[in-house]
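Peer 1: Got a file for you: protein_1.pdb, PDB, C-alpha atoms.
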```
ATOM      1  CA  MET A  54       4.469  30.158   2.961  1.00  0.00           C
ATOM      2  CA  GLU A  55       5.818  28.024   5.760  1.00  0.00           C
ATOM      3  CA  PHE A  56       6.994  24.485   5.034  1.00  0.00           C
ATOM      4  CA  THR A  57       7.062  21.768   7.629  1.00  0.00           C
ATOM      5  CA  LYS A  58       9.268  18.687   7.617  1.00  0.00           C
ATOM      6  CA  VAL A  59       7.291  15.481   7.663  1.00  0.00           C
ATOM      7  CA  GLU A  60       7.456  12.645  10.140  1.00  0.00           C
ATOM      8  CA  TYR A  61       6.625   9.973   7.525  1.00  0.00           C
ATOM      9  CA  PRO A  62       8.667  10.720   4.385  1.00  0.00           C
ATOM     10  CA  ASP A  63       8.077   7.232   2.923  1.00  0.00           C
ATOM     11  CA  MET A  64       4.326   7.711   3.173  1.00  0.00           C
ATOM     12  CA  ARG A  65       4.756  11.111   1.516  1.00  0.00           C
ATOM     13  CA  MET A  66       6.660   9.498  -1.342  1.00  0.00           C
ATOM     14  CA  ASN A  67       3.790   7.018  -1.746  1.00  0.00           C
ATOM     15  CA  LEU A  68       1.316   9.907  -1.836  1.00  0.00           C
ATOM     16  CA  ILE A  69       3.408  11.593  -4.521  1.00  0.00           C
ATOM     17  CA  ALA A  70       3.454   8.383  -6.574  1.00  0.00           C
ATOM     18  CA  TYR A  71      -0.299   7.812  -6.236  1.00  0.00           C
ATOM     19  CA  ALA A  72      -1.088  11.436  -7.084  1.00  0.00           C
ATOM     20  CA  GLU A  73       1.114  11.130 -10.162  1.00  0.00           C
ATOM     21  CA  SER A  74      -0.605   7.889 -11.177  1.00  0.00           C
ATOM     22  CA  LEU A  75      -4.032   9.497 -10.771  1.00  0.00           C
ATOM     23  CA  SER A  76      -2.984  12.533 -12.819  1.00  0.00           C
ATOM     24  CA  ASP A  77      -1.728  10.765 -15.937  1.00  0.00           C
ATOM     25  CA  LEU A  78      -4.334   9.282 -18.301  1.00  0.00           C
ATOM     26  CA  LYS A  79      -1.674   7.902 -20.658  1.00  0.00           C
ATOM     27  CA  TYR A  80      -0.017   6.049 -17.758  1.00  0.00           C
ATOM     28  CA  GLN A  81      -3.396   4.740 -16.580  1.00  0.00           C
ATOM     29  CA  ARG A  82      -4.251   3.347 -20.000  1.00  0.00           C
ATOM     30  CA  GLN A  83      -0.826   1.764 -20.353  1.00  0.00           C
ATOM     31  CA  TYR A  84      -0.344   0.234 -16.886  1.00  0.00           C
ATOM     32  CA  TRP A  85      -3.474   0.078 -14.761  1.00  0.00           C
ATOM     33  CA  GLY A  86      -4.742  -3.427 -14.293  1.00  0.00           C
ATOM     34  CA  LYS A  87      -1.919  -4.960 -16.297  1.00  0.00           C
ATOM     35  CA  THR A  88       1.122  -6.940 -15.275  1.00  0.00           C
ATOM     36  CA  ASP A  89       4.571  -6.116 -16.572  1.00  0.00           C
ATOM     37  CA  PRO A  90       6.644  -9.138 -17.654  1.00  0.00           C
ATOM     38  CA  GLU A  91       9.834  -7.156 -16.984  1.00  0.00           C
ATOM     39  CA  ASN A  92       8.712  -6.396 -13.420  1.00  0.00           C
ATOM     40  CA  PRO A  93       6.271  -9.096 -12.242  1.00  0.00           C
ATOM     41  CA  ASN A  94       6.000  -7.506  -8.767  1.00  0.00           C
ATOM     42  CA  PHE A  95       4.627  -4.271 -10.237  1.00  0.00           C
ATOM     43  CA  TYR A  96       0.890  -3.689 -10.291  1.00  0.00           C
ATOM     44  CA  ASP A  97      -1.094  -0.480 -10.242  1.00  0.00           C
ATOM     45  CA  ASP A  98      -4.748   0.415 -10.656  1.00  0.00           C
ATOM     46  CA  PHE A  99      -7.408   2.859  -9.503  1.00  0.00           C
ATOM     47  CA  ASP A 100      -8.211   0.725  -6.443  1.00  0.00           C
ATOM     48  CA  ALA A 101      -4.613   0.913  -5.196  1.00  0.00           C
ATOM     49  CA  SER A 102      -4.707   4.708  -5.328  1.00  0.00           C
ATOM     50  CA  VAL A 103      -8.117   4.952  -3.680  1.00  0.00           C
ATOM     51  CA  ASN A 104      -7.159   2.497  -0.940  1.00  0.00           C
ATOM     52  CA  PHE A 105      -4.035   4.495  -0.100  1.00  0.00           C
ATOM     53  CA  LEU A 106      -5.995   7.754   0.041  1.00  0.00           C
ATOM     54  CA  ASP A 107      -8.744   6.107   2.096  1.00  0.00           C
ATOM     55  CA  ASP A 108      -6.167   4.960   4.636  1.00  0.00           C
ATOM     56  CA  MET A 109      -5.085   8.579   5.066  1.00  0.00           C
ATOM     57  CA  ILE A 110      -8.673   9.842   5.289  1.00  0.00           C
ATOM     58  CA  GLU A 111      -9.665   7.255   7.901  1.00  0.00           C
ATOM     59  CA  ARG A 112      -7.332   8.846  10.434  1.00  0.00           C
ATOM     60  CA  ASP A 113      -9.933  11.589  10.650  1.00  0.00           C
ATOM     61  CA  ASN A 114     -11.768  13.918   8.311  1.00  0.00           C
ATOM     62  CA  ASP A 115      -9.394  16.838   8.809  1.00  0.00           C
ATOM     63  CA  SER A 116      -6.583  16.713   6.259  1.00  0.00           C
ATOM     64  CA  LYS A 117      -4.815  19.486   8.164  1.00  0.00           C
ATOM     65  CA  SER A 118      -4.035  16.869  10.807  1.00  0.00           C
ATOM     66  CA  TRP A 119      -1.640  15.318   8.259  1.00  0.00           C
ATOM     67  CA  ILE A 120       0.500  18.486   8.127  1.00  0.00           C
ATOM     68  CA  GLY A 121       3.813  17.575   9.677  1.00  0.00           C
ATOM     69  CA  LEU A 122       3.131  13.861   9.247  1.00  0.00           C
ATOM     70  CA  VAL A 123       2.808  13.499   5.453  1.00  0.00           C
ATOM     71  CA  LEU A 124       1.774  16.933   4.190  1.00  0.00           C
ATOM     72  CA  LYS A 125       4.001  19.975   4.538  1.00  0.00           C
ATOM     73  CA  ASN A 126       1.554  22.850   4.483  1.00  0.00           C
ATOM     74  CA  HIS A 127      -2.029  24.101   4.253  1.00  0.00           C
ATOM     75  CA  ASN A 128      -1.974  24.251   0.422  1.00  0.00           C
ATOM     76  CA  GLU A 129      -1.184  20.549   0.232  1.00  0.00           C
ATOM     77  CA  ALA A 130      -4.040  19.805   2.640  1.00  0.00           C
ATOM     78  CA  VAL A 131      -6.490  21.814   0.513  1.00  0.00           C
ATOM     79  CA  LEU A 132      -5.367  20.062  -2.680  1.00  0.00           C
ATOM     80  CA  PHE A 133      -5.498  16.665  -0.945  1.00  0.00           C
ATOM     81  CA  ASP A 134      -9.110  17.429   0.028  1.00  0.00           C
ATOM     82  CA  ALA A 135      -9.920  18.462  -3.554  1.00  0.00           C
ATOM     83  CA  LEU A 136      -8.610  15.165  -4.927  1.00  0.00           C
ATOM     84  CA  ASN A 137     -10.561  13.162  -2.388  1.00  0.00           C
ATOM     85  CA  LYS A 138     -13.711  15.158  -3.162  1.00  0.00           C
ATOM     86  CA  SER A 139     -13.351  14.535  -6.902  1.00  0.00           C
ATOM     87  CA  ILE A 140     -12.952  10.787  -6.253  1.00  0.00           C
ATOM     88  CA  GLU A 141     -15.919  10.845  -3.876  1.00  0.00           C
ATOM     89  CA  ASN A 142     -18.052  12.559  -6.553  1.00  0.00           C
ATOM     90  CA  LEU A 143     -16.986   9.964  -9.140  1.00  0.00           C
ATOM     91  CA  LEU A 144     -17.854   7.066  -6.849  1.00  0.00           C
ATOM     92  CA  GLN A 145     -21.160   8.595  -5.736  1.00  0.00           C
ATOM     93  CA  GLU A 146     -22.183   9.039  -9.351  1.00  0.00           C
ATOM     94  CA  HIS A 147     -20.971   5.684 -10.703  1.00  0.00           C
ATOM     95  CA  GLY A 148     -20.586   3.367  -7.724  1.00  0.00           C
ATOM     96  CA  TYR A 149     -17.673   1.158  -6.802  1.00  0.00           C
ATOM     97  CA  ASP A 150     -17.941  -1.633  -9.346  1.00  0.00           C
ATOM     98  CA  LEU A 151     -16.801  -0.142 -12.657  1.00  0.00           C
ATOM     99  CA  THR A 152     -13.558  -1.202 -14.262  1.00  0.00           C
ATOM    100  CA  ASP A 153     -10.743   1.320 -14.451  1.00  0.00           C
ATOM    101  CA  GLU A 154     -11.422   1.717 -18.169  1.00  0.00           C
ATOM    102  CA  HIS A 155     -15.049   2.577 -17.488  1.00  0.00           C
ATOM    103  CA  TYR A 156     -14.178   5.137 -14.808  1.00  0.00           C
ATOM    104  CA  MET A 157     -11.706   6.773 -17.208  1.00  0.00           C
ATOM    105  CA  VAL A 158     -14.425   7.588 -19.742  1.00  0.00           C
ATOM    106  CA  THR A 159     -16.845   9.186 -17.284  1.00  0.00           C
ATOM    107  CA  GLU A 160     -17.461  12.898 -17.214  1.00  0.00           C
ATOM    108  CA  GLU A 161     -16.143  13.055 -13.632  1.00  0.00           C
ATOM    109  CA  TRP A 162     -12.756  11.552 -14.538  1.00  0.00           C
ATOM    110  CA  ARG A 163     -11.423  14.892 -15.819  1.00  0.00           C
ATOM    111  CA  SER A 164     -11.889  16.319 -12.318  1.00  0.00           C
ATOM    112  CA  VAL A 165      -9.949  13.388 -10.815  1.00  0.00           C
ATOM    113  CA  LEU A 166      -7.116  13.924 -13.315  1.00  0.00           C
ATOM    114  CA  ASP A 167      -7.007  17.677 -12.744  1.00  0.00           C
ATOM    115  CA  SER A 168      -7.158  17.545  -8.943  1.00  0.00           C
ATOM    116  CA  ALA A 169      -4.511  14.793  -8.835  1.00  0.00           C
ATOM    117  CA  LYS A 170      -2.267  16.844 -11.126  1.00  0.00           C
ATOM    118  CA  ASN A 171      -2.675  19.915  -8.913  1.00  0.00           C
ATOM    119  CA  LEU A 172      -1.835  17.923  -5.779  1.00  0.00           C
ATOM    120  CA  HIS A 173       1.107  16.192  -7.429  1.00  0.00           C
ATOM    121  CA  SER A 174       2.520  19.503  -8.655  1.00  0.00           C
ATOM    122  CA  GLU A 175       2.306  20.985  -5.151  1.00  0.00           C
ATOM    123  CA  LEU A 176       3.793  17.908  -3.472  1.00  0.00           C
ATOM    124  CA  VAL A 177       6.757  17.858  -5.865  1.00  0.00           C
ATOM    125  CA  LEU A 178       7.218  21.622  -5.604  1.00  0.00           C
ATOM    126  CA  VAL A 179       7.732  21.463  -1.850  1.00  0.00           C
ATOM    127  CA  ASN A 180       9.285  17.995  -1.625  1.00  0.00           C
ATOM    128  CA  THR A 181      12.749  19.331  -0.894  1.00  0.00           C
ATOM    129  CA  ASP A 182      13.823  19.091   2.721  1.00  0.00           C
TER     130      ASP A 182
END
```
Would you mind writing the file's structure down as structure tokens?
Peer 2:
Amino acid sequence: MEFTKVEYPDMRMNLIAYAESLSDLKYQRQYWGKTDPENPNFYDDFDASVNFLDDMIERDNDSKSWIGLVLKNHNEAVLFDALNKSIENLLQEHGYDLTDEHYMVTEEWRSVLDSAKNLHSELVLVNTD
């Protein structure tokens, strides 16, 4: 498999962090929607992850166009698409107004967790330059 260096490594690191956040139910239950007295500038929730992914999708509908910019290869693009599809399915089924806690107990949430974990694993695997 061929690996490409990326033009926007900071954006890639953000994608890695959001994919990790979306893949970890324990983390979600502990931190999403809550402030941390030890780090008052920290905040994370489902909306933050979705907004970041939406910003990437809005460039165009072809995730392969992100190869060389944020993604390093075709596998990452396929897994990025799978995560976005699982989120799209969740939102189509349940709408945009549920709390994070309510999304986390839906049947579709397992697909979000699994696809995020797959993407995160691939991103970390090839994150060496």
Peer 1: Applying the PyMOL selection byres ((chain A and resi 168) around 10) to the file I just gave you, which residues come out? Please list them as a list in words.
Peer 2: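 Taken over the shown coordinates, the PyMOL selection byres ((chain A and resi 168) around 10) returns Ala72, Leu75, Ser76, Leu132, Phe133, Asp134, Ala135, Leu136, Asn137, Lys138, Ser139, Ile140, Trp162, Arg163, Ser164, Val165, Leu166, Asp167, Ala169, Lys170, Asn171, Leu172, His173 and Ser174 of chain A.
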Peer 1: List the neighbours of Val123 of chain A out to 8 Å using all atoms listed in the file; skip same-chain residues closer than 6 positions along the sequence, and give me the result as a ChimeraX atom specification.
Peer 2: /A:59-62,64-65
Peer 1: Can you give me, as a PyMOL selection string, the residues this file yields under the PyMOL selection byres ((chain A and resi 97) around 9)?
Peer 2: chain A and resi 74+81+84-88+95-96+98-102
Peer 1: Which protein, DNA or RNA residues are at most 12 Å from (-7.1, 15.2, 9.1) in the file's coordinates when you count all atoms listed in the file, listed as a compact mmCIF listing (two decimals) with C-alpha atoms, in the frame of the given file?
Peer 2:
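File point-v9.txt, as written:
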```
# COMPACT_ATOMS: atom_id res chain seq x y z
CA LEU A 106 -6.00 7.75 0.04
CA ASP A 107 -8.74 6.11 2.10
CA ASP A 108 -6.17 4.96 4.64
CA MET A 109 -5.08 8.58 5.07
CA ILE A 110 -8.67 9.84 5.29
CA GLU A 111 -9.66 7.26 7.90
CA ARG A 112 -7.33 8.85 10.43
CA ASP A 113 -9.93 11.59 10.65
CA ASN A 114 -11.77 13.92 8.31
CA ASP A 115 -9.39 16.84 8.81
CA SER A 116 -6.58 16.71 6.26
CA LYS A 117 -4.82 19.49 8.16
CA SER A 118 -4.04 16.87 10.81
CA TRP A 119 -1.64 15.32 8.26
CA ILE A 120 0.50 18.49 8.13
CA GLY A 121 3.81 17.58 9.68
CA LEU A 122 3.13 13.86 9.25
CA VAL A 123 2.81 13.50 5.45
CA LEU A 124 1.77 16.93 4.19
CA HIS A 127 -2.03 24.10 4.25
CA GLU A 129 -1.18 20.55 0.23
CA ALA A 130 -4.04 19.80 2.64
CA VAL A 131 -6.49 21.81 0.51
CA PHE A 133 -5.50 16.66 -0.94
CA ASP A 134 -9.11 17.43 0.03
```
Peer 1: With distances taken over all atoms listed in the file, which of A:Val158, A:Leu176, A:Val103, A:Leu143 is nearest to Asn128 of chain A?
Peer 2: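 Nearest to Asn128 of chain A: A:Leu176.
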Peer 1: For atom CA of Asp153 of chain A and atom CA of Arg82 of chain A, determine how far apart the two atoms are, in Å to one decimal place.
Peer 2: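 Between atom CA of Asp153 of chain A and atom CA of Arg82 of chain A the gap is 8.8 Å.
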Peer 1: Give the padded box for segment 68-78 of chain A as lines of an AutoDock Vina configuration file: axis-aligned, covering all atoms listed in the file, 6 Å on each side, centre and edge lengths in Å to one decimal.
Peer 2:
```
center_x = -0.4
center_y = 10.2
center_z = -10.1
size_x = 19.8
size_y = 16.7
size_z = 28.5
```
Peer 1: Rounded to one decimal place, report the atom CA of Asn67 of chain A-atom CA of Asp150 of chain A distance in Å.
Peer 2: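 Separation of atom CA of Asn67 of chain A and atom CA of Asp150 of chain A: 24.6 Å.
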Peer 1: Between atom CA of His147 of chain A and atom CA of Asp77 of chain A, what is the distance in Å, rounded to a tenth?
Peer 2: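 Between atom CA of His147 of chain A and atom CA of Asp77 of chain A the gap is 20.6 Å.
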Peer 1: Rebuild N, CA, C and O atoms on segment 82-106 of chain A, as an mmCIF file, in the frame of the given file?
Peer 2:
```cif
data_model
loop_
_atom_site.group_PDB
_atom_site.id
_atom_site.type_symbol
_atom_site.label_atom_id
_atom_site.label_comp_id
_atom_site.auth_asym_id
_atom_site.auth_seq_id
_atom_site.Cartn_x
_atom_site.Cartn_y
_atom_site.Cartn_z
ATOM 1 N N ARG A 82 -3.875 4.226 -18.881
ATOM 2 C CA ARG A 82 -4.251 3.347 -20.000
ATOM 3 C C ARG A 82 -3.160 2.301 -20.283
ATOM 4 O O ARG A 82 -3.466 1.189 -20.690
ATOM 5 N N GLN A 83 -1.929 2.677 -20.054
ATOM 6 C CA GLN A 83 -0.826 1.764 -20.353
ATOM 7 C C GLN A 83 -0.602 0.736 -19.248
ATOM 8 O O GLN A 83 -0.274 -0.419 -19.543
ATOM 9 N N TYR A 84 -0.775 1.106 -17.973
ATOM 10 C CA TYR A 84 -0.344 0.234 -16.886
ATOM 11 C C TYR A 84 -1.436 -0.276 -15.951
ATOM 12 O O TYR A 84 -1.279 -1.338 -15.354
ATOM 13 N N TRP A 85 -2.494 0.479 -15.771
ATOM 14 C CA TRP A 85 -3.474 0.078 -14.761
ATOM 15 C C TRP A 85 -4.103 -1.261 -15.113
ATOM 16 O O TRP A 85 -4.578 -1.480 -16.224
ATOM 17 N N GLY A 86 -4.102 -2.135 -14.138
ATOM 18 C CA GLY A 86 -4.742 -3.427 -14.293
ATOM 19 C C GLY A 86 -3.968 -4.421 -15.135
ATOM 20 O O GLY A 86 -4.484 -5.480 -15.472
ATOM 21 N N LYS A 87 -2.734 -4.086 -15.451
ATOM 22 C CA LYS A 87 -1.919 -4.960 -16.297
ATOM 23 C C LYS A 87 -0.654 -5.360 -15.551
ATOM 24 O O LYS A 87 -0.146 -4.607 -14.733
ATOM 25 N N THR A 88 -0.153 -6.529 -15.845
ATOM 26 C CA THR A 88 1.122 -6.940 -15.275
ATOM 27 C C THR A 88 2.225 -6.597 -16.266
ATOM 28 O O THR A 88 1.995 -6.472 -17.463
ATOM 29 N N ASP A 89 3.417 -6.462 -15.756
ATOM 30 C CA ASP A 89 4.571 -6.116 -16.572
ATOM 31 C C ASP A 89 5.544 -7.291 -16.526
ATOM 32 O O ASP A 89 6.104 -7.581 -15.466
ATOM 33 N N PRO A 90 5.747 -7.984 -17.650
ATOM 34 C CA PRO A 90 6.644 -9.138 -17.654
ATOM 35 C C PRO A 90 8.062 -8.802 -17.182
ATOM 36 O O PRO A 90 8.741 -9.635 -16.614
ATOM 37 N N GLU A 91 8.496 -7.572 -17.407
ATOM 38 C CA GLU A 91 9.834 -7.156 -16.984
ATOM 39 C C GLU A 91 9.900 -6.892 -15.480
ATOM 40 O O GLU A 91 10.980 -6.891 -14.900
ATOM 41 N N ASN A 92 8.762 -6.647 -14.859
ATOM 42 C CA ASN A 92 8.712 -6.396 -13.420
ATOM 43 C C ASN A 92 7.450 -7.052 -12.868
ATOM 44 O O ASN A 92 6.439 -6.385 -12.644
ATOM 45 N N PRO A 93 7.487 -8.365 -12.641
ATOM 46 C CA PRO A 93 6.271 -9.096 -12.242
ATOM 47 C C PRO A 93 5.713 -8.678 -10.885
ATOM 48 O O PRO A 93 4.556 -8.952 -10.582
ATOM 49 N N ASN A 94 6.496 -7.974 -10.066
ATOM 50 C CA ASN A 94 6.000 -7.506 -8.767
ATOM 51 C C ASN A 94 5.250 -6.183 -8.871
ATOM 52 O O ASN A 94 4.660 -5.727 -7.907
ATOM 53 N N PHE A 95 5.295 -5.556 -10.046
ATOM 54 C CA PHE A 95 4.627 -4.271 -10.237
ATOM 55 C C PHE A 95 3.161 -4.475 -10.601
ATOM 56 O O PHE A 95 2.827 -5.294 -11.447
ATOM 57 N N TYR A 96 2.312 -3.718 -9.935
ATOM 58 C CA TYR A 96 0.890 -3.689 -10.291
ATOM 59 C C TYR A 96 0.332 -2.363 -9.804
ATOM 60 O O TYR A 96 0.633 -1.913 -8.699
ATOM 61 N N ASP A 97 -0.475 -1.736 -10.621
ATOM 62 C CA ASP A 97 -1.094 -0.480 -10.242
ATOM 63 C C ASP A 97 -2.482 -0.435 -10.845
ATOM 64 O O ASP A 97 -2.728 -0.992 -11.922
ATOM 65 N N ASP A 98 -3.403 0.200 -10.140
ATOM 66 C CA ASP A 98 -4.748 0.415 -10.656
ATOM 67 C C ASP A 98 -5.432 1.484 -9.816
ATOM 68 O O ASP A 98 -4.863 1.994 -8.846
ATOM 69 N N PHE A 99 -6.636 1.839 -10.205
ATOM 70 C CA PHE A 99 -7.408 2.859 -9.503
ATOM 71 C C PHE A 99 -7.643 2.458 -8.051
ATOM 72 O O PHE A 99 -7.502 3.273 -7.137
ATOM 73 N N ASP A 100 -7.961 1.198 -7.808
ATOM 74 C CA ASP A 100 -8.211 0.725 -6.443
ATOM 75 C C ASP A 100 -7.017 0.957 -5.528
ATOM 76 O O ASP A 100 -7.189 1.332 -4.367
ATOM 77 N N ALA A 101 -5.806 0.715 -6.021
ATOM 78 C CA ALA A 101 -4.613 0.913 -5.196
ATOM 79 C C ALA A 101 -4.512 2.367 -4.750
ATOM 80 O O ALA A 101 -4.225 2.652 -3.579
ATOM 81 N N SER A 102 -4.763 3.285 -5.661
ATOM 82 C CA SER A 102 -4.707 4.708 -5.328
ATOM 83 C C SER A 102 -5.785 5.073 -4.322
ATOM 84 O O SER A 102 -5.518 5.753 -3.324
ATOM 85 N N VAL A 103 -6.996 4.626 -4.575
ATOM 86 C CA VAL A 103 -8.117 4.952 -3.680
ATOM 87 C C VAL A 103 -7.889 4.351 -2.299
ATOM 88 O O VAL A 103 -8.134 5.012 -1.281
ATOM 89 N N ASN A 104 -7.401 3.127 -2.240
ATOM 90 C CA ASN A 104 -7.159 2.497 -0.940
ATOM 91 C C ASN A 104 -6.107 3.253 -0.141
ATOM 92 O O ASN A 104 -6.256 3.433 1.068
ATOM 93 N N PHE A 105 -5.056 3.714 -0.799
ATOM 94 C CA PHE A 105 -4.035 4.495 -0.100
ATOM 95 C C PHE A 105 -4.636 5.792 0.439
ATOM 96 O O PHE A 105 -4.429 6.147 1.600
ATOM 97 N N LEU A 106 -5.383 6.499 -0.397
ATOM 98 C CA LEU A 106 -5.995 7.754 0.041
ATOM 99 C C LEU A 106 -7.006 7.513 1.162
ATOM 100 O O LEU A 106 -7.070 8.285 2.119
#
```
